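See structure below.
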Amino acid sequence: MKNVMKVLHVLDHSLPYFSGYSFRSDYIIRTQKGLGLKPVVLTSPKHEDFTSEHEKVDDIDFYRLRWPSIPSSRLQTVPLVKQMACVAVLSREITRLAEKLQVEIIHSHSPFLNGLAAARSSGQLGLPWIYELRYYDEDAAVDRGKIRHNSLRYKLSQRMEQSALEQATRVVTISTALKDDLIGRGIAESKISEVPNGVDTEHFQPREPDAELIEKYGLAGRTVIGFIGSFYFYEGLEFLIEAVLLLLKERRDIKLLLAGEGEALAGLEARIPMELRDHFIFAGNVAHKDVRRYYSVMDILVYPRMKSRLTELTTPLKPLEAMAMGRVVVGSDIGGMRELVKDGTNGFLIGTKNAEAIAVCLAKLAGDLVIRHDVGQRARDFVLRERDWRKIVERYIDIYNRAIEKRG
């Protein structure tokens, strides 16, 4: 493979949006550039907050798309018109950029709309294309309360997902569970590669607690329990709130620091009695450059995800950052977390929807600095050994080569 290979990444959205999707994309693109490739990025119309249609970020070209004009009458009467408009405008821009920039491969990332657009452009250009399946869009919509499982829209999304998967030159998944599910759907195992979530272990490493944040939030002498991520309903953060409320009945040296925003925020705040509000900190979205500062003041990170197809099949990225920082991670005993955490070794697993179990685990950890230190060290060792981004991203080189050889 030539070191100057140009790769066109097609993304749903990117930074500065605060999401695991954005962070994974950023890691891939920056690391590929460091390996000598030339990544170029195109974001779908769903990345709506931008000022310029062509931006330079760390010397990487980002191209932005706006929504095409769609009459409101069509939006209300024609099913999926917005989705199909997204595919059309994406496909045109993929074709234009691929020809203009002379890219050698198209790397399209979930959701399936991006995949269908890449499939259309690939057919016109004769270029190989990779479809990176990070999650099933229909399952994410169910977990966010937008559609019902096995509804007409759910099944239609499944069909379109299947079409993208079957047309792709090669398919990338982010977890073993997702790979196994794809094989069950009839996608040939030989066509699938697993590129799991990872972390930049040089960027995320143990550091002294940030004095400014300790002062700002009154964290001195407190055991700080934390969460950094999007406040989606399926994250189960209400059970973390309830667990901390239980813990506060036994000890008052606890603070919960939540960084992020999302649809569940208002409901979480409403659960906290006014007299205990000082123990709960909602920091809002945190700039990516400041995330390490927040990890540094958190003693224990909790990810109480609820059980669903989405959370069983996909692995979250944020726990890996915490583990790389040498922090103790507590997560739900579900498929996605079990691929990262070995209970009692490099973290702890607890039952889903169980505030009492979370409280018991947190009480034990809050009172034992030795366990926190030892488990945190083993967590970082695991990440260094198995989830360092540079080692993981190197897998794409072989995947791209195979795709090019097959297309050629």
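Labels used: A, B, ... for chains in the order of the structure tokens, numbers from 1 for residues in each chain, and numbers from 1 for ligands as shown.
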
- [ ] Select from stretch 265-355 of chain A everything DSSP, run on the backbone, classes as helix (DSSP H, G or I), then give the selection as a ChimeraX atom specification.
- [x] /A:265-270,274-279,288-296,309-313,318-324,335-338,355

Pull N, CA and C atoms from the residues just selected and write them as a short mmCIF file (atom, residue, chain, number, x, y, z; two decimals), in the first residue's frame.
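Saved to result-v1.cif:
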data_model
loop_
_atom_site.label_atom_id
_atom_site.label_comp_id
_atom_site.auth_asym_id
_atom_site.auth_seq_id
_atom_site.Cartn_x
_atom_site.Cartn_y
_atom_site.Cartn_z
N LEU A 265 -31.29 14.46 30.69
CA LEU A 265 -30.77 15.40 31.69
C LEU A 265 -31.84 15.92 32.65
N ALA A 266 -32.95 16.40 32.12
CA ALA A 266 -33.97 17.00 32.98
C ALA A 266 -34.50 15.98 33.98
N GLY A 267 -34.73 14.75 33.54
CA GLY A 267 -35.22 13.72 34.44
C GLY A 267 -34.23 13.37 35.53
N LEU A 268 -32.95 13.43 35.22
CA LEU A 268 -31.93 13.13 36.23
C LEU A 268 -31.91 14.21 37.31
N GLU A 269 -31.94 15.45 36.89
CA GLU A 269 -31.91 16.55 37.86
C GLU A 269 -33.12 16.52 38.77
N ALA A 270 -34.26 16.11 38.22
CA ALA A 270 -35.50 16.09 39.01
C ALA A 270 -35.48 15.04 40.11
N MET A 274 -33.49 18.78 46.96
CA MET A 274 -32.78 20.05 47.04
C MET A 274 -31.71 20.04 48.12
N GLU A 275 -31.98 19.39 49.25
CA GLU A 275 -31.02 19.42 50.35
C GLU A 275 -29.75 18.62 50.06
N LEU A 276 -29.77 17.82 48.97
CA LEU A 276 -28.58 17.03 48.62
C LEU A 276 -27.92 17.49 47.32
N ARG A 277 -28.40 18.58 46.76
CA ARG A 277 -27.89 19.03 45.46
C ARG A 277 -26.39 19.31 45.48
N ASP A 278 -25.84 19.69 46.62
CA ASP A 278 -24.40 19.99 46.69
C ASP A 278 -23.54 18.77 46.39
N HIS A 279 -24.14 17.58 46.49
CA HIS A 279 -23.37 16.36 46.23
C HIS A 279 -23.43 15.93 44.77
N HIS A 288 -13.16 18.61 24.31
CA HIS A 288 -12.32 17.42 24.23
C HIS A 288 -10.96 17.64 24.87
N LYS A 289 -10.42 18.84 24.72
CA LYS A 289 -9.10 19.12 25.28
C LYS A 289 -9.10 19.11 26.81
N ASP A 290 -10.29 19.22 27.43
CA ASP A 290 -10.39 19.26 28.88
C ASP A 290 -10.83 17.95 29.51
N VAL A 291 -11.14 16.95 28.69
CA VAL A 291 -11.69 15.70 29.22
C VAL A 291 -10.74 15.04 30.21
N ARG A 292 -9.43 15.07 29.91
CA ARG A 292 -8.46 14.43 30.82
C ARG A 292 -8.46 15.10 32.19
N ARG A 293 -8.69 16.39 32.23
CA ARG A 293 -8.75 17.09 33.51
C ARG A 293 -9.90 16.55 34.36
N TYR A 294 -11.02 16.26 33.72
CA TYR A 294 -12.17 15.74 34.45
C TYR A 294 -11.94 14.31 34.92
N TYR A 295 -11.36 13.48 34.05
CA TYR A 295 -11.03 12.13 34.50
C TYR A 295 -10.10 12.16 35.70
N SER A 296 -9.18 13.11 35.72
CA SER A 296 -8.16 13.14 36.77
C SER A 296 -8.75 13.35 38.16
N ARG A 309 -30.66 -4.67 22.73
CA ARG A 309 -29.85 -5.14 21.60
C ARG A 309 -28.68 -4.22 21.34
N LEU A 310 -28.91 -2.92 21.45
CA LEU A 310 -27.84 -1.95 21.19
C LEU A 310 -26.69 -2.15 22.17
N THR A 311 -26.98 -2.22 23.46
CA THR A 311 -25.91 -2.28 24.46
C THR A 311 -25.29 -3.67 24.56
N GLU A 312 -26.01 -4.70 24.13
CA GLU A 312 -25.42 -6.04 24.11
C GLU A 312 -24.44 -6.19 22.96
N LEU A 313 -24.71 -5.51 21.86
CA LEU A 313 -23.91 -5.71 20.66
C LEU A 313 -22.76 -4.72 20.49
N LYS A 318 -15.97 5.45 25.95
CA LYS A 318 -15.53 6.27 27.08
C LYS A 318 -14.91 5.47 28.22
N PRO A 319 -15.41 4.26 28.56
CA PRO A 319 -14.74 3.51 29.64
C PRO A 319 -13.27 3.24 29.37
N LEU A 320 -12.91 3.09 28.08
CA LEU A 320 -11.51 2.83 27.76
C LEU A 320 -10.64 4.04 28.07
N GLU A 321 -11.17 5.24 27.87
CA GLU A 321 -10.41 6.43 28.23
C GLU A 321 -10.15 6.45 29.74
N ALA A 322 -11.21 6.15 30.51
CA ALA A 322 -11.05 6.13 31.97
C ALA A 322 -10.04 5.07 32.39
N MET A 323 -10.11 3.90 31.77
CA MET A 323 -9.18 2.83 32.12
C MET A 323 -7.75 3.21 31.77
N ALA A 324 -7.56 3.89 30.63
CA ALA A 324 -6.23 4.34 30.26
C ALA A 324 -5.67 5.34 31.25
N GLY A 335 -23.26 -7.50 27.31
CA GLY A 335 -22.27 -7.90 26.31
C GLY A 335 -21.23 -6.86 25.99
N GLY A 336 -21.67 -5.62 25.73
CA GLY A 336 -20.73 -4.59 25.34
C GLY A 336 -19.68 -4.30 26.40
N MET A 337 -20.09 -4.27 27.66
CA MET A 337 -19.14 -4.00 28.75
C MET A 337 -18.26 -5.22 29.04
N ARG A 338 -18.82 -6.42 28.87
CA ARG A 338 -18.04 -7.62 29.18
C ARG A 338 -16.85 -7.80 28.24
N ALA A 355 -29.90 -0.20 41.45
CA ALA A 355 -29.24 0.88 42.19
C ALA A 355 -28.59 0.35 43.46
#

Residues within 12 Å of A:Asp368, please, as an mmCIF file with N, CA and C atoms, in the first residue's frame. Count only C-alpha atoms; anything in the same chain fewer than 5 positions from it doesn't count.
data_model
loop_
_atom_site.group_PDB
_atom_site.id
_atom_site.type_symbol
_atom_site.label_atom_id
_atom_site.label_comp_id
_atom_site.auth_asym_id
_atom_site.auth_seq_id
_atom_site.Cartn_x
_atom_site.Cartn_y
_atom_site.Cartn_z
ATOM 1 N N THR A 223 -14.630 11.595 47.849
ATOM 2 C CA THR A 223 -14.522 10.521 46.869
ATOM 3 C C THR A 223 -15.445 10.896 45.722
ATOM 4 N N ASP A 299 -12.574 9.414 40.933
ATOM 5 C CA ASP A 299 -11.975 8.206 41.511
ATOM 6 C C ASP A 299 -12.565 6.940 40.912
ATOM 7 N N ILE A 300 -13.858 6.979 40.613
ATOM 8 C CA ILE A 300 -14.576 5.808 40.107
ATOM 9 C C ILE A 300 -15.487 6.273 38.978
ATOM 10 N N VAL A 328 -10.839 3.460 38.092
ATOM 11 C CA VAL A 328 -11.645 2.250 38.296
ATOM 12 C C VAL A 328 -12.967 2.416 37.554
ATOM 13 N N CYS A 361 -21.322 -1.741 45.569
ATOM 14 C CA CYS A 361 -20.011 -1.744 44.917
ATOM 15 C C CYS A 361 -19.273 -0.434 45.184
ATOM 16 N N LEU A 362 -19.987 0.688 45.060
ATOM 17 C CA LEU A 362 -19.358 1.992 45.284
ATOM 18 C C LEU A 362 -18.916 2.164 46.732
ATOM 19 N N ALA A 363 -19.715 1.657 47.672
ATOM 20 C CA ALA A 363 -19.355 1.756 49.089
ATOM 21 C C ALA A 363 -18.044 1.022 49.364
ATOM 22 N N HIS A 373 -6.420 1.507 43.496
ATOM 23 C CA HIS A 373 -5.103 1.639 42.864
ATOM 24 C C HIS A 373 -4.769 0.408 42.032
ATOM 25 N N ASP A 374 -4.943 -0.787 42.616
ATOM 26 C CA ASP A 374 -4.553 -2.019 41.931
ATOM 27 C C ASP A 374 -5.422 -2.282 40.700
ATOM 28 N N VAL A 375 -6.733 -2.104 40.844
ATOM 29 C CA VAL A 375 -7.631 -2.337 39.709
ATOM 30 C C VAL A 375 -7.395 -1.294 38.621
#

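Closest to A:Ile225 among A:Lys100, A:Ile358, A:Gln377, A:Asp12 is A:Ile358, based on only C-alpha atoms.
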
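Atom CA of A:Arg92 is positioned 8.3 Å from atom CA of A:Ala117.
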
DSSP on the backbone, strand (DSSP E) only: what residues of stretch 275-341 of chain A does that give? Format it as a PDB file with C-alpha atoms, in the first residue's frame.
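As written to disk, part-v7.pdb reads:
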ATOM      1  CA  PHE A 280     -24.343  16.298  42.543  1.00  0.00           C
ATOM      2  CA  ILE A 281     -22.485  18.239  39.846  1.00  0.00           C
ATOM      3  CA  PHE A 282     -23.771  18.585  36.293  1.00  0.00           C
ATOM      4  CA  ALA A 283     -20.790  19.983  34.397  1.00  0.00           C
ATOM      5  CA  GLY A 284     -22.409  20.093  30.944  1.00  0.00           C
ATOM      6  CA  ILE A 300     -14.576   5.808  40.107  1.00  0.00           C
ATOM      7  CA  LEU A 301     -16.323   5.907  36.720  1.00  0.00           C
ATOM      8  CA  VAL A 302     -19.739   4.260  36.439  1.00  0.00           C
ATOM      9  CA  TYR A 303     -21.510   3.110  33.253  1.00  0.00           C
ATOM     10  CA  VAL A 328     -11.645   2.250  38.296  1.00  0.00           C
ATOM     11  CA  VAL A 329     -14.567   1.421  36.009  1.00  0.00           C
ATOM     12  CA  VAL A 330     -17.886  -0.030  37.163  1.00  0.00           C
ATOM     13  CA  GLY A 331     -20.229  -1.138  34.374  1.00  0.00           C
ATOM     14  CA  SER A 332     -23.357  -3.132  33.704  1.00  0.00           C
TER      15      SER A 332
END
